Amino acid sequence: NIDATVAPFGQVIQTLTDFSLPCWHEPPKLVIVWTRPQSILGSFNAVLEHSQSPIDTCLGEVDTYCHLLTNVAERVMAVFVPSWVVSAHNRGLGMIDLKSEYGVTNQLMRANLRLIDNLKCAANIYVLNAQRWMELAGARNAYNPKLWYMGKIGFGNQVIEETVKDIKSALRGIAGQARRLVVLDLDDTLWGGTVGDVGWESLVLGGHDSIGESFADFQTSLKALKNRGVLLSIVSKNEENIAVEAISRHPEMVLRLDDFAGWRINWKDKAGNIRELVSELNLGLESVAFIDDSPIERSRVREALPEVLVPEWPEDKLLYKKALLDLSCFDTPMITEEDLERTRFYSSERERVVIRDEVQSFDEWVRSLHTKVIVEPLNESNLPRAAQLLNKTNQMNLSTRRMTERELQAWAQHEYHHVWTFRVVDKFGDAGLTGIVSIEINESLGTIVDFVLS
């Protein structure tokens, strides 16, 4: 739930500079600064009137505005800044609107790029893509001049609805509540047909077929998710050897076995399989999204595992990719090196388990790994991952203290505070930054404030 305080209407600059205003009396955690470009950039207003205002003037005004935003960011947990948009009904200079430096679209694009570039290094300022909200609402619903003239309402209700979805998704990401594991069915979910009945050679996947192409595109979108750090796994009612053969041998499969962090392919209850798989991966059920074409299986998992996100799934297989892209549950405030390598980490873990089953004793297995722990003080390079670890780790987190990058950095800079990170390496590879410890010194007493292990 969000309690909102509205700043004085039409006084954006005053609100960003005068912290004695009532809206600042109880310091907010989040500030949303949503403006029309013509109200902030005087030169852009001139462009709308087709006066030839040079782009350098516009960019200078963007720089001044960004300076105000960074000052505000020092007082709050996060600042959301929707990008600037104009009505699609405004054609600017028509066919030369992009070509001319004095075109409305030309200057708007360059102003937005300057805004993004200026704010990209501010850890707690996020520029949100407002153009996407306009497109989802459609030109006819995005703007209603009657709403503006009668109530100074800049956008239609559908735009606001899309805005709310993105803001709440972003807040969940900042709070460490993003979904990190997609559990997938196989038959009629990753491919068309039942592999146990028709064999992998006859599956509908790829090729010159609309449904086959749709399945291949769906897999490509899943692989893109994996490439940004979201884990993929399989829970399917099938014979494992037949399903694995299909994944390994079908020439149109985009996803292969090494794209999956784990799987349970058997005839057991899917809810039980999900619980077992999630436990094996050392994740919580609240980080799981389950995708299955069967409404019966979806209902079963939704009822048995209420923490798991189970989106409704379209019957039309041509809509699978769109349904996946519509999900906003994977938003995170940062993507670290460890995120990009996460699937490889789990593949390495499977190799460790295989060796553990082959050696005589646990001690022998541990010695065979040649594990090294590298300790580093908190610094600029490991700060993003340390903050991410602090906010999303629940099971092995002794205090569950949540802090933004800026807050963690400020806390660590105190004379009597110390923060170290731990990186783990063994013969199977680098597991990345997997631990944090922080200590507070009070005279002769040292108190462990945080101890976190991924």
# chains A, B, ... in the order shown; residues from 1 in each chain; ligands from 1

call {"tool": "closest_atom_pairs", "arguments": {"of": "segment 399-426 of chain A", "to": "segment 120-142 of chain A", "cutoff": "12 Å", "atoms": "only C-alpha atoms", "output": "JSON lines"}}
result
{"residue": "A:Met403", "atom": "CA", "partner": "A:Asn124", "partner_atom": "CA", "distance": 11.3}
{"residue": "A:Thr404", "atom": "CA", "partner": "A:Asn124", "partner_atom": "CA", "distance": 7.7}
{"residue": "A:Glu405", "atom": "CA", "partner": "A:Ala123", "partner_atom": "CA", "distance": 6.7}
{"residue": "A:Arg406", "atom": "CA", "partner": "A:Ala123", "partner_atom": "CA", "distance": 7.0}
{"residue": "A:Glu407", "atom": "CA", "partner": "A:Asn124", "partner_atom": "CA", "distance": 10.0}
{"residue": "A:Leu408", "atom": "CA", "partner": "A:Ala123", "partner_atom": "CA", "distance": 11.6}
{"residue": "A:Gln409", "atom": "CA", "partner": "A:Ala123", "partner_atom": "CA", "distance": 11.0}

call {"tool": "select_by_dssp", "arguments": {"residues": "segment 219-357 of chain A", "states": "helix (DSSP H, G or I)", "output": "number ranges by chain"}}
result
A: 219-227, 240-249, 257-259, 270-280, 285-287, 295-304, 317-326, 337-340, 342-357

call {"tool": "residues_around", "arguments": {"residues": "Leu186 of chain A", "least_positions_apart": "4", "cutoff": "10 Å", "atoms": "only C-alpha atoms", "output": "VMD selection string"}}
result
chain A and resid 190 to 195 234 to 238 243 247 265 291 to 293

call {"tool": "write_last_selection", "arguments": {"atoms": "all heavy atoms", "output": "tab-separated table (two decimals), in the first residue's frame"}}
result
chain	number	residue	atom	x	y	z
A	190	LEU	N	6.31	-25.15	-23.63
A	190	LEU	CA	7.56	-24.82	-24.33
A	190	LEU	C	7.54	-25.30	-25.78
A	190	LEU	O	8.31	-24.82	-26.60
A	190	LEU	CB	8.76	-25.44	-23.61
A	190	LEU	CG	9.31	-24.69	-22.40
A	190	LEU	CD1	10.64	-25.30	-21.95
A	190	LEU	CD2	9.49	-23.21	-22.68
A	191	TRP	N	6.70	-26.27	-26.06
A	191	TRP	CA	6.54	-26.76	-27.44
A	191	TRP	C	5.11	-27.22	-27.63
A	191	TRP	O	4.35	-27.38	-26.66
A	191	TRP	CB	7.53	-27.88	-27.74
A	191	TRP	CG	7.49	-29.04	-26.75
A	191	TRP	CD1	6.40	-29.80	-26.41
A	191	TRP	CD2	8.59	-29.55	-26.00
A	191	TRP	NE1	6.74	-30.76	-25.49
A	191	TRP	CE2	8.09	-30.64	-25.22
A	191	TRP	CE3	9.94	-29.23	-25.91
A	191	TRP	CZ2	8.91	-31.38	-24.36
A	191	TRP	CZ3	10.75	-29.96	-25.05
A	191	TRP	CH2	10.24	-31.02	-24.28
A	192	GLY	N	4.72	-27.46	-28.87
A	192	GLY	CA	3.38	-27.94	-29.16
A	192	GLY	C	3.35	-29.45	-29.25
A	192	GLY	O	4.18	-30.06	-29.92
A	193	GLY	N	2.38	-30.06	-28.58
A	193	GLY	CA	2.27	-31.51	-28.61
A	193	GLY	C	2.75	-32.16	-27.33
A	193	GLY	O	3.41	-31.52	-26.50
A	194	THR	N	2.41	-33.46	-27.19
A	194	THR	CA	2.84	-34.24	-26.03
A	194	THR	C	3.99	-35.13	-26.45
A	194	THR	O	3.79	-36.07	-27.25
A	194	THR	CB	1.67	-35.09	-25.49
A	194	THR	OG1	0.57	-34.23	-25.17
A	194	THR	CG2	2.08	-35.87	-24.25
A	195	VAL	N	5.18	-34.86	-25.96
A	195	VAL	CA	6.38	-35.54	-26.45
A	195	VAL	C	6.30	-37.03	-26.22
A	195	VAL	O	6.81	-37.83	-27.03
A	195	VAL	CB	7.65	-34.93	-25.81
A	195	VAL	CG1	7.72	-35.21	-24.31
A	195	VAL	CG2	8.91	-35.42	-26.51
A	234	ILE	N	12.27	-26.45	-14.88
A	234	ILE	CA	11.20	-27.25	-15.49
A	234	ILE	C	10.52	-28.07	-14.40
A	234	ILE	O	11.20	-28.71	-13.58
A	234	ILE	CB	11.75	-28.19	-16.58
A	234	ILE	CG1	12.43	-27.41	-17.70
A	234	ILE	CG2	10.64	-29.07	-17.14
A	234	ILE	CD1	13.23	-28.28	-18.65
A	235	VAL	N	9.20	-28.06	-14.39
A	235	VAL	CA	8.41	-29.03	-13.63
A	235	VAL	C	7.36	-29.57	-14.59
A	235	VAL	O	6.46	-28.83	-15.01
A	235	VAL	CB	7.77	-28.40	-12.38
A	235	VAL	CG1	6.73	-29.36	-11.79
A	235	VAL	CG2	8.82	-28.08	-11.34
A	236	SER	N	7.50	-30.84	-14.96
A	236	SER	CA	6.65	-31.40	-16.02
A	236	SER	C	6.30	-32.84	-15.70
A	236	SER	O	7.12	-33.59	-15.15
A	236	SER	CB	7.40	-31.33	-17.36
A	236	SER	OG	6.70	-32.03	-18.37
A	237	LYS	N	5.08	-33.23	-16.04
A	237	LYS	CA	4.66	-34.62	-15.93
A	237	LYS	C	5.01	-35.32	-17.23
A	237	LYS	O	4.33	-35.16	-18.26
A	237	LYS	CB	3.16	-34.71	-15.62
A	237	LYS	CG	2.83	-34.26	-14.20
A	237	LYS	CD	1.36	-34.38	-13.87
A	237	LYS	CE	1.09	-33.98	-12.42
A	237	LYS	NZ	-0.33	-34.02	-12.06
A	238	ASN	N	6.13	-36.06	-17.20
A	238	ASN	CA	6.68	-36.71	-18.38
A	238	ASN	C	7.66	-37.77	-17.94
A	238	ASN	O	8.05	-37.83	-16.77
A	238	ASN	CB	7.39	-35.67	-19.27
A	238	ASN	CG	6.59	-35.27	-20.50
A	238	ASN	OD1	6.16	-36.13	-21.25
A	238	ASN	ND2	6.39	-33.98	-20.68
A	243	ALA	N	11.86	-36.49	-22.28
A	243	ALA	CA	11.83	-35.03	-22.30
A	243	ALA	C	13.24	-34.46	-22.48
A	243	ALA	O	13.44	-33.51	-23.25
A	243	ALA	CB	11.21	-34.50	-21.01
A	247	ILE	N	14.75	-31.94	-25.47
A	247	ILE	CA	15.45	-30.68	-25.22
A	247	ILE	C	16.83	-30.70	-25.86
A	247	ILE	O	17.30	-29.70	-26.42
A	247	ILE	CB	15.55	-30.42	-23.70
A	247	ILE	CG1	14.15	-30.23	-23.11
A	247	ILE	CG2	16.41	-29.19	-23.42
A	247	ILE	CD1	14.12	-30.23	-21.60
A	265	ILE	N	11.17	-33.74	-13.64
A	265	ILE	CA	10.38	-34.32	-14.73
A	265	ILE	C	9.98	-35.72	-14.29
A	265	ILE	O	10.79	-36.65	-14.32
A	265	ILE	CB	11.17	-34.33	-16.05
A	265	ILE	CG1	11.67	-32.91	-16.40
A	265	ILE	CG2	10.31	-34.89	-17.17
A	265	ILE	CD1	12.58	-32.85	-17.62
A	291	ILE	N	4.54	-21.11	-14.89
A	291	ILE	CA	3.85	-20.98	-16.18
A	291	ILE	C	3.48	-22.36	-16.69
A	291	ILE	O	4.35	-23.22	-16.88
A	291	ILE	CB	4.74	-20.24	-17.20
A	291	ILE	CG1	4.97	-18.79	-16.75
A	291	ILE	CG2	4.10	-20.27	-18.59
A	291	ILE	CD1	5.92	-18.01	-17.65
A	292	ASP	N	2.19	-22.57	-16.91
A	292	ASP	CA	1.68	-23.87	-17.35
A	292	ASP	C	0.43	-23.62	-18.18
A	292	ASP	O	-0.41	-22.79	-17.82
A	292	ASP	CB	1.36	-24.74	-16.13
A	292	ASP	CG	1.18	-26.21	-16.49
A	292	ASP	OD1	0.39	-26.51	-17.40
A	292	ASP	OD2	1.82	-27.05	-15.83
A	293	ASP	N	0.29	-24.35	-19.29
A	293	ASP	CA	-0.89	-24.17	-20.15
A	293	ASP	C	-2.15	-24.75	-19.52
A	293	ASP	O	-3.26	-24.39	-19.91
A	293	ASP	CB	-0.63	-24.83	-21.52
A	293	ASP	CG	-0.60	-26.35	-21.40
A	293	ASP	OD1	0.32	-26.88	-20.75
A	293	ASP	OD2	-1.49	-27.00	-21.95

call {"tool": "closest_atom_pairs", "arguments": {"of": "segment 125-238 of chain A", "to": "segment 320-335 of chain A", "cutoff": "8 Å", "atoms": "only C-alpha atoms", "output": "tab-separated table"}}
result
residue	atom	partner	partner_atom	distance
A:Lys165	CA	A:Ser328	CA	7.8
A:Asp166	CA	A:Ser328	CA	7.2
A:Ser169	CA	A:Ser328	CA	6.1
A:Ala170	CA	A:Asp331	CA	6.1
A:Arg172	CA	A:Asp331	CA	7.9
A:Gly173	CA	A:Thr332	CA	4.4
A:Ile174	CA	A:Pro333	CA	5.7
A:Gly176	CA	A:Thr332	CA	7.7
A:Ala178	CA	A:Phe330	CA	5.1
A:Arg179	CA	A:Phe330	CA	5.2
A:Arg180	CA	A:Phe330	CA	6.8
A:Ser214	CA	A:Lys321	CA	7.2
A:Phe215	CA	A:Tyr320	CA	7.5
A:Asp217	CA	A:Lys321	CA	6.5
A:Phe218	CA	A:Lys321	CA	4.6
A:Ser221	CA	A:Lys321	CA	6.8
A:Arg228	CA	A:Ile335	CA	6.9
A:Gly229	CA	A:Ile335	CA	7.3
A:Val230	CA	A:Phe330	CA	7.6

call {"tool": "write_last_selection", "arguments": {"atoms": "N, CA, C and O atoms", "output": "PDB file, in the first residue's frame"}}
result
ATOM      1  N   LYS A 165       1.009   0.299 -12.386  1.00  0.00           N
ATOM      2  CA  LYS A 165       1.603  -1.042 -12.504  1.00  0.00           C
ATOM      3  C   LYS A 165       3.128  -0.970 -12.463  1.00  0.00           C
ATOM      4  O   LYS A 165       3.789  -1.737 -11.755  1.00  0.00           O
ATOM      5  N   ASP A 166       3.702  -0.048 -13.245  1.00  0.00           N
ATOM      6  CA  ASP A 166       5.161   0.048 -13.315  1.00  0.00           C
ATOM      7  C   ASP A 166       5.762   0.563 -12.017  1.00  0.00           C
ATOM      8  O   ASP A 166       6.822   0.103 -11.585  1.00  0.00           O
ATOM      9  N   SER A 169       5.587  -2.220  -9.442  1.00  0.00           N
ATOM     10  CA  SER A 169       6.570  -3.238  -9.801  1.00  0.00           C
ATOM     11  C   SER A 169       7.981  -2.782  -9.422  1.00  0.00           C
ATOM     12  O   SER A 169       8.786  -3.553  -8.889  1.00  0.00           O
ATOM     13  N   ALA A 170       8.266  -1.499  -9.685  1.00  0.00           N
ATOM     14  CA  ALA A 170       9.587  -0.955  -9.333  1.00  0.00           C
ATOM     15  C   ALA A 170       9.804  -0.964  -7.823  1.00  0.00           C
ATOM     16  O   ALA A 170      10.894  -1.273  -7.337  1.00  0.00           O
ATOM     17  N   ARG A 172       8.453  -3.040  -5.692  1.00  0.00           N
ATOM     18  CA  ARG A 172       8.704  -4.427  -5.299  1.00  0.00           C
ATOM     19  C   ARG A 172      10.143  -4.813  -5.589  1.00  0.00           C
ATOM     20  O   ARG A 172      10.790  -5.510  -4.804  1.00  0.00           O
ATOM     21  N   GLY A 173      10.657  -4.352  -6.730  1.00  0.00           N
ATOM     22  CA  GLY A 173      12.047  -4.648  -7.071  1.00  0.00           C
ATOM     23  C   GLY A 173      13.015  -4.042  -6.085  1.00  0.00           C
ATOM     24  O   GLY A 173      13.977  -4.693  -5.641  1.00  0.00           O
ATOM     25  N   ILE A 174      12.786  -2.784  -5.703  1.00  0.00           N
ATOM     26  CA  ILE A 174      13.652  -2.115  -4.728  1.00  0.00           C
ATOM     27  C   ILE A 174      13.600  -2.838  -3.384  1.00  0.00           C
ATOM     28  O   ILE A 174      14.606  -2.941  -2.670  1.00  0.00           O
ATOM     29  N   GLY A 176      13.368  -5.918  -2.936  1.00  0.00           N
ATOM     30  CA  GLY A 176      13.897  -7.275  -3.042  1.00  0.00           C
ATOM     31  C   GLY A 176      12.833  -8.325  -3.266  1.00  0.00           C
ATOM     32  O   GLY A 176      13.047  -9.510  -2.991  1.00  0.00           O
ATOM     33  N   ALA A 178      11.313  -9.040  -6.271  1.00  0.00           N
ATOM     34  CA  ALA A 178      11.184  -9.459  -7.667  1.00  0.00           C
ATOM     35  C   ALA A 178      11.221 -10.985  -7.747  1.00  0.00           C
ATOM     36  O   ALA A 178      11.861 -11.655  -6.940  1.00  0.00           O
ATOM     37  N   ARG A 179      10.512 -11.529  -8.714  1.00  0.00           N
ATOM     38  CA  ARG A 179      10.554 -12.968  -8.956  1.00  0.00           C
ATOM     39  C   ARG A 179      11.882 -13.318  -9.627  1.00  0.00           C
ATOM     40  O   ARG A 179      12.296 -12.656 -10.579  1.00  0.00           O
ATOM     41  N   ARG A 180      12.513 -14.375  -9.139  1.00  0.00           N
ATOM     42  CA  ARG A 180      13.849 -14.725  -9.630  1.00  0.00           C
ATOM     43  C   ARG A 180      13.921 -16.094 -10.291  1.00  0.00           C
ATOM     44  O   ARG A 180      14.974 -16.497 -10.775  1.00  0.00           O
ATOM     45  N   SER A 214       5.690 -19.329 -32.922  1.00  0.00           N
ATOM     46  CA  SER A 214       5.322 -18.692 -31.666  1.00  0.00           C
ATOM     47  C   SER A 214       6.027 -19.361 -30.486  1.00  0.00           C
ATOM     48  O   SER A 214       6.531 -18.678 -29.585  1.00  0.00           O
ATOM     49  N   PHE A 215       6.080 -20.702 -30.480  1.00  0.00           N
ATOM     50  CA  PHE A 215       6.786 -21.406 -29.405  1.00  0.00           C
ATOM     51  C   PHE A 215       8.279 -21.048 -29.398  1.00  0.00           C
ATOM     52  O   PHE A 215       8.881 -20.845 -28.339  1.00  0.00           O
ATOM     53  N   ASP A 217       9.666 -18.282 -30.496  1.00  0.00           N
ATOM     54  CA  ASP A 217       9.797 -16.899 -30.015  1.00  0.00           C
ATOM     55  C   ASP A 217       9.606 -16.825 -28.500  1.00  0.00           C
ATOM     56  O   ASP A 217      10.268 -16.039 -27.818  1.00  0.00           O
ATOM     57  N   PHE A 218       8.680 -17.628 -27.975  1.00  0.00           N
ATOM     58  CA  PHE A 218       8.460 -17.681 -26.532  1.00  0.00           C
ATOM     59  C   PHE A 218       9.735 -18.150 -25.826  1.00  0.00           C
ATOM     60  O   PHE A 218      10.161 -17.569 -24.817  1.00  0.00           O
ATOM     61  N   SER A 221      12.301 -15.371 -25.765  1.00  0.00           N
ATOM     62  CA  SER A 221      12.030 -14.381 -24.723  1.00  0.00           C
ATOM     63  C   SER A 221      12.402 -14.910 -23.344  1.00  0.00           C
ATOM     64  O   SER A 221      12.892 -14.169 -22.486  1.00  0.00           O
ATOM     65  N   ARG A 228      19.356 -11.908 -18.287  1.00  0.00           N
ATOM     66  CA  ARG A 228      19.389 -10.767 -17.376  1.00  0.00           C
ATOM     67  C   ARG A 228      19.345 -11.212 -15.915  1.00  0.00           C
ATOM     68  O   ARG A 228      19.160 -10.400 -15.021  1.00  0.00           O
ATOM     69  N   GLY A 229      19.473 -12.541 -15.679  1.00  0.00           N
ATOM     70  CA  GLY A 229      19.648 -13.027 -14.317  1.00  0.00           C
ATOM     71  C   GLY A 229      18.484 -13.761 -13.714  1.00  0.00           C
ATOM     72  O   GLY A 229      18.546 -14.169 -12.548  1.00  0.00           O
ATOM     73  N   VAL A 230      17.385 -13.962 -14.470  1.00  0.00           N
ATOM     74  CA  VAL A 230      16.238 -14.721 -13.957  1.00  0.00           C
ATOM     75  C   VAL A 230      16.472 -16.201 -14.258  1.00  0.00           C
ATOM     76  O   VAL A 230      16.788 -16.574 -15.394  1.00  0.00           O
TER      77      VAL A 230
END

call {"tool": "closest_residue", "arguments": {"among": "A:Cys66, A:Leu93, A:Val76, A:Val244", "to": "Asn118 of chain A", "atoms": "only C-alpha atoms"}}
result
A:Cys66

call {"tool": "select_by_dssp", "arguments": {"residues": "segment 68-288 of chain A", "states": "strand (DSSP E)", "output": "PyMOL selection string"}}
result
chain A and resi 78-82+125-128+181-184+231-237+262-266+288

call {"tool": "write_last_selection", "arguments": {"atoms": "N, CA, C and O atoms", "output": "compact mmCIF listing (two decimals), in the first residue's frame"}}
result
# COMPACT_ATOMS: atom_id res chain seq x y z
N ALA A 78 14.08 6.68 -2.91
CA ALA A 78 14.08 6.57 -4.37
C ALA A 78 13.34 7.73 -4.99
O ALA A 78 12.42 8.30 -4.39
N VAL A 79 13.76 8.09 -6.21
CA VAL A 79 13.08 9.12 -7.00
C VAL A 79 12.73 8.50 -8.35
O VAL A 79 13.61 7.95 -9.03
N PHE A 80 11.46 8.55 -8.74
CA PHE A 80 11.01 8.08 -10.04
C PHE A 80 10.72 9.29 -10.91
O PHE A 80 9.96 10.18 -10.51
N VAL A 81 11.30 9.30 -12.11
CA VAL A 81 11.14 10.42 -13.03
C VAL A 81 10.61 9.87 -14.36
O VAL A 81 11.38 9.34 -15.17
N PRO A 82 9.30 9.94 -14.62
CA PRO A 82 8.80 9.52 -15.93
C PRO A 82 9.40 10.38 -17.04
O PRO A 82 9.57 11.59 -16.88
N ILE A 125 17.87 7.13 -8.38
CA ILE A 125 16.97 7.84 -9.30
C ILE A 125 16.72 6.94 -10.50
O ILE A 125 17.66 6.43 -11.12
N TYR A 126 15.44 6.75 -10.84
CA TYR A 126 15.07 5.85 -11.92
C TYR A 126 14.20 6.61 -12.92
O TYR A 126 13.14 7.13 -12.56
N VAL A 127 14.67 6.68 -14.17
CA VAL A 127 13.88 7.30 -15.24
C VAL A 127 12.97 6.22 -15.81
O VAL A 127 13.44 5.21 -16.33
N LEU A 128 11.65 6.42 -15.70
CA LEU A 128 10.67 5.45 -16.18
C LEU A 128 10.18 5.81 -17.58
O LEU A 128 10.07 6.98 -17.92
N LEU A 181 12.81 -16.82 -10.29
CA LEU A 181 12.80 -18.17 -10.86
C LEU A 181 11.49 -18.38 -11.61
O LEU A 181 10.41 -18.20 -11.06
N VAL A 182 11.59 -18.80 -12.88
CA VAL A 182 10.42 -19.17 -13.67
C VAL A 182 10.39 -20.68 -13.77
O VAL A 182 11.33 -21.30 -14.27
N VAL A 183 9.31 -21.28 -13.28
CA VAL A 183 9.11 -22.73 -13.37
C VAL A 183 8.18 -22.99 -14.55
O VAL A 183 7.07 -22.45 -14.61
N LEU A 184 8.63 -23.84 -15.48
CA LEU A 184 7.92 -24.03 -16.74
C LEU A 184 7.47 -25.47 -16.93
O LEU A 184 8.19 -26.42 -16.61
N LEU A 231 16.33 -17.05 -13.25
CA LEU A 231 16.55 -18.48 -13.43
C LEU A 231 15.37 -19.14 -14.11
O LEU A 231 14.21 -18.76 -13.90
N LEU A 232 15.66 -20.16 -14.92
CA LEU A 232 14.62 -20.98 -15.55
C LEU A 232 14.71 -22.39 -15.00
O LEU A 232 15.80 -22.90 -14.73
N SER A 233 13.55 -23.04 -14.85
CA SER A 233 13.54 -24.44 -14.41
C SER A 233 12.32 -25.12 -15.02
O SER A 233 11.44 -24.47 -15.59
N ILE A 234 12.27 -26.45 -14.88
CA ILE A 234 11.20 -27.25 -15.49
C ILE A 234 10.52 -28.07 -14.40
O ILE A 234 11.20 -28.71 -13.58
N VAL A 235 9.20 -28.06 -14.39
CA VAL A 235 8.41 -29.03 -13.63
C VAL A 235 7.36 -29.57 -14.59
O VAL A 235 6.46 -28.83 -15.01
N SER A 236 7.50 -30.84 -14.96
CA SER A 236 6.65 -31.40 -16.02
C SER A 236 6.30 -32.84 -15.70
O SER A 236 7.12 -33.59 -15.15
N LYS A 237 5.08 -33.23 -16.04
CA LYS A 237 4.66 -34.62 -15.93
C LYS A 237 5.01 -35.32 -17.23
O LYS A 237 4.33 -35.16 -18.26
N GLY A 262 17.54 -26.16 -12.89
CA GLY A 262 17.15 -27.46 -12.35
C GLY A 262 15.84 -27.91 -12.94
O GLY A 262 15.17 -27.16 -13.66
N TRP A 263 15.46 -29.14 -12.66
CA TRP A 263 14.19 -29.65 -13.18
C TRP A 263 13.68 -30.82 -12.34
O TRP A 263 14.44 -31.48 -11.63
N ARG A 264 12.37 -31.01 -12.42
CA ARG A 264 11.70 -32.17 -11.87
C ARG A 264 10.75 -32.67 -12.96
O ARG A 264 9.70 -32.10 -13.20
N ILE A 265 11.17 -33.74 -13.64
CA ILE A 265 10.38 -34.32 -14.73
C ILE A 265 9.98 -35.72 -14.29
O ILE A 265 10.79 -36.65 -14.32
N ASN A 266 8.74 -35.85 -13.84
CA ASN A 266 8.24 -37.12 -13.32
C ASN A 266 6.71 -37.04 -13.30
O ASN A 266 6.12 -36.13 -13.89
N VAL A 288 9.14 -17.23 -6.97
CA VAL A 288 8.82 -18.13 -8.08
C VAL A 288 7.62 -17.63 -8.88
O VAL A 288 6.63 -17.15 -8.32

call {"tool": "closest_residue", "arguments": {"among": "A:Arg298, A:Arg249, A:Arg110, A:His50", "to": "Lys270 of chain A", "atoms": "only C-alpha atoms"}}
result
A:Arg298

call {"tool": "closest_residue", "arguments": {"among": "A:Gly103, A:Pro28, A:Gly207, A:Gly10", "to": "Gln52 of chain A", "atoms": "only C-alpha atoms"}}
result
A:Gly103

call {"tool": "closest_atom_pairs", "arguments": {"of": "segment 247-303 of chain A", "to": "segment 441-454 of chain A", "cutoff": "12 Å", "atoms": "only C-alpha atoms", "output": "tab-separated table"}}
result
residue	atom	partner	partner_atom	distance
A:Leu281	CA	A:Ser454	CA	10.8
A:Asn282	CA	A:Ser454	CA	8.4
A:Leu283	CA	A:Ser454	CA	9.4
A:Gly284	CA	A:Ser454	CA	12.0

call {"tool": "closest_residue", "arguments": {"among": "A:Gly196, A:Ser399, A:Val310, A:Asp188", "to": "Glu240 of chain A", "atoms": "only C-alpha atoms"}}
result
A:Gly196

call {"tool": "atom_distance", "arguments": {"atom1": "atom CA of Gln177 of chain A", "atom2": "atom CA of Glu307 of chain A"}}
result
11.4 Å

call {"tool": "residues_around", "arguments": {"residues": "Ala246 of chain A", "least_positions_apart": "3", "cutoff": "9 Å", "atoms": "only C-alpha atoms", "output": "list of chain:residue names"}}
result
A:Val195, A:Gly199, A:Trp200, A:Glu201, A:Leu203, A:Asn241, A:Ile242, A:Ala243, A:Arg249, A:His250, A:Met253

call {"tool": "residues_around", "arguments": {"residues": "Cys23 of chain A", "least_positions_apart": "3", "cutoff": "7 Å", "atoms": "only C-alpha atoms", "output": "list in words"}}
result
Thr5, Val6 and Ala7 of chain A

call {"tool": "atom_distance", "arguments": {"atom1": "atom CA of Trp365 of chain A", "atom2": "atom CA of Gly429 of chain A"}}
result
15.9 Å

call {"tool": "atom_distance", "arguments": {"atom1": "atom CA of Ser294 of chain A", "atom2": "atom CA of Val204 of chain A"}}
result
17.5 Å

call {"tool": "decode", "arguments": {"residues": "segment 68-97 of chain A", "atoms": "C-alpha atoms", "output": "mmCIF file, in the first residue's frame"}}
result
data_model
loop_
_atom_site.group_PDB
_atom_site.id
_atom_site.type_symbol
_atom_site.label_atom_id
_atom_site.label_comp_id
_atom_site.auth_asym_id
_atom_site.auth_seq_id
_atom_site.Cartn_x
_atom_site.Cartn_y
_atom_site.Cartn_z
ATOM 1 C CA LEU A 68 17.560 19.655 -8.569
ATOM 2 C CA LEU A 69 16.586 15.983 -8.823
ATOM 3 C CA THR A 70 19.929 14.784 -7.448
ATOM 4 C CA ASN A 71 19.532 17.142 -4.476
ATOM 5 C CA VAL A 72 16.136 15.627 -3.710
ATOM 6 C CA ALA A 73 17.545 12.104 -4.066
ATOM 7 C CA GLU A 74 19.772 12.685 -1.048
ATOM 8 C CA ARG A 75 16.667 12.954 1.163
ATOM 9 C CA VAL A 76 14.650 9.901 0.071
ATOM 10 C CA MET A 77 14.931 6.197 -0.677
ATOM 11 C CA ALA A 78 14.080 6.571 -4.370
ATOM 12 C CA VAL A 79 13.085 9.115 -7.000
ATOM 13 C CA PHE A 80 11.015 8.080 -10.037
ATOM 14 C CA VAL A 81 11.138 10.419 -13.032
ATOM 15 C CA PRO A 82 8.798 9.520 -15.928
ATOM 16 C CA SER A 83 10.310 10.471 -19.270
ATOM 17 C CA TRP A 84 8.900 13.438 -21.174
ATOM 18 C CA VAL A 85 6.171 12.876 -23.740
ATOM 19 C CA VAL A 86 3.940 14.981 -25.948
ATOM 20 C CA SER A 87 0.595 14.126 -27.487
ATOM 21 C CA ALA A 88 0.762 11.931 -30.578
ATOM 22 C CA HIS A 89 -1.643 14.431 -32.149
ATOM 23 C CA ASN A 90 1.163 17.026 -32.213
ATOM 24 C CA ARG A 91 2.877 16.475 -35.564
ATOM 25 C CA GLY A 92 5.499 19.160 -34.957
ATOM 26 C CA LEU A 93 7.158 19.996 -38.276
ATOM 27 C CA GLY A 94 5.522 17.037 -39.983
ATOM 28 C CA MET A 95 7.795 15.089 -42.306
ATOM 29 C CA ILE A 96 10.934 16.978 -41.141
ATOM 30 C CA ASP A 97 10.147 16.848 -37.403
#
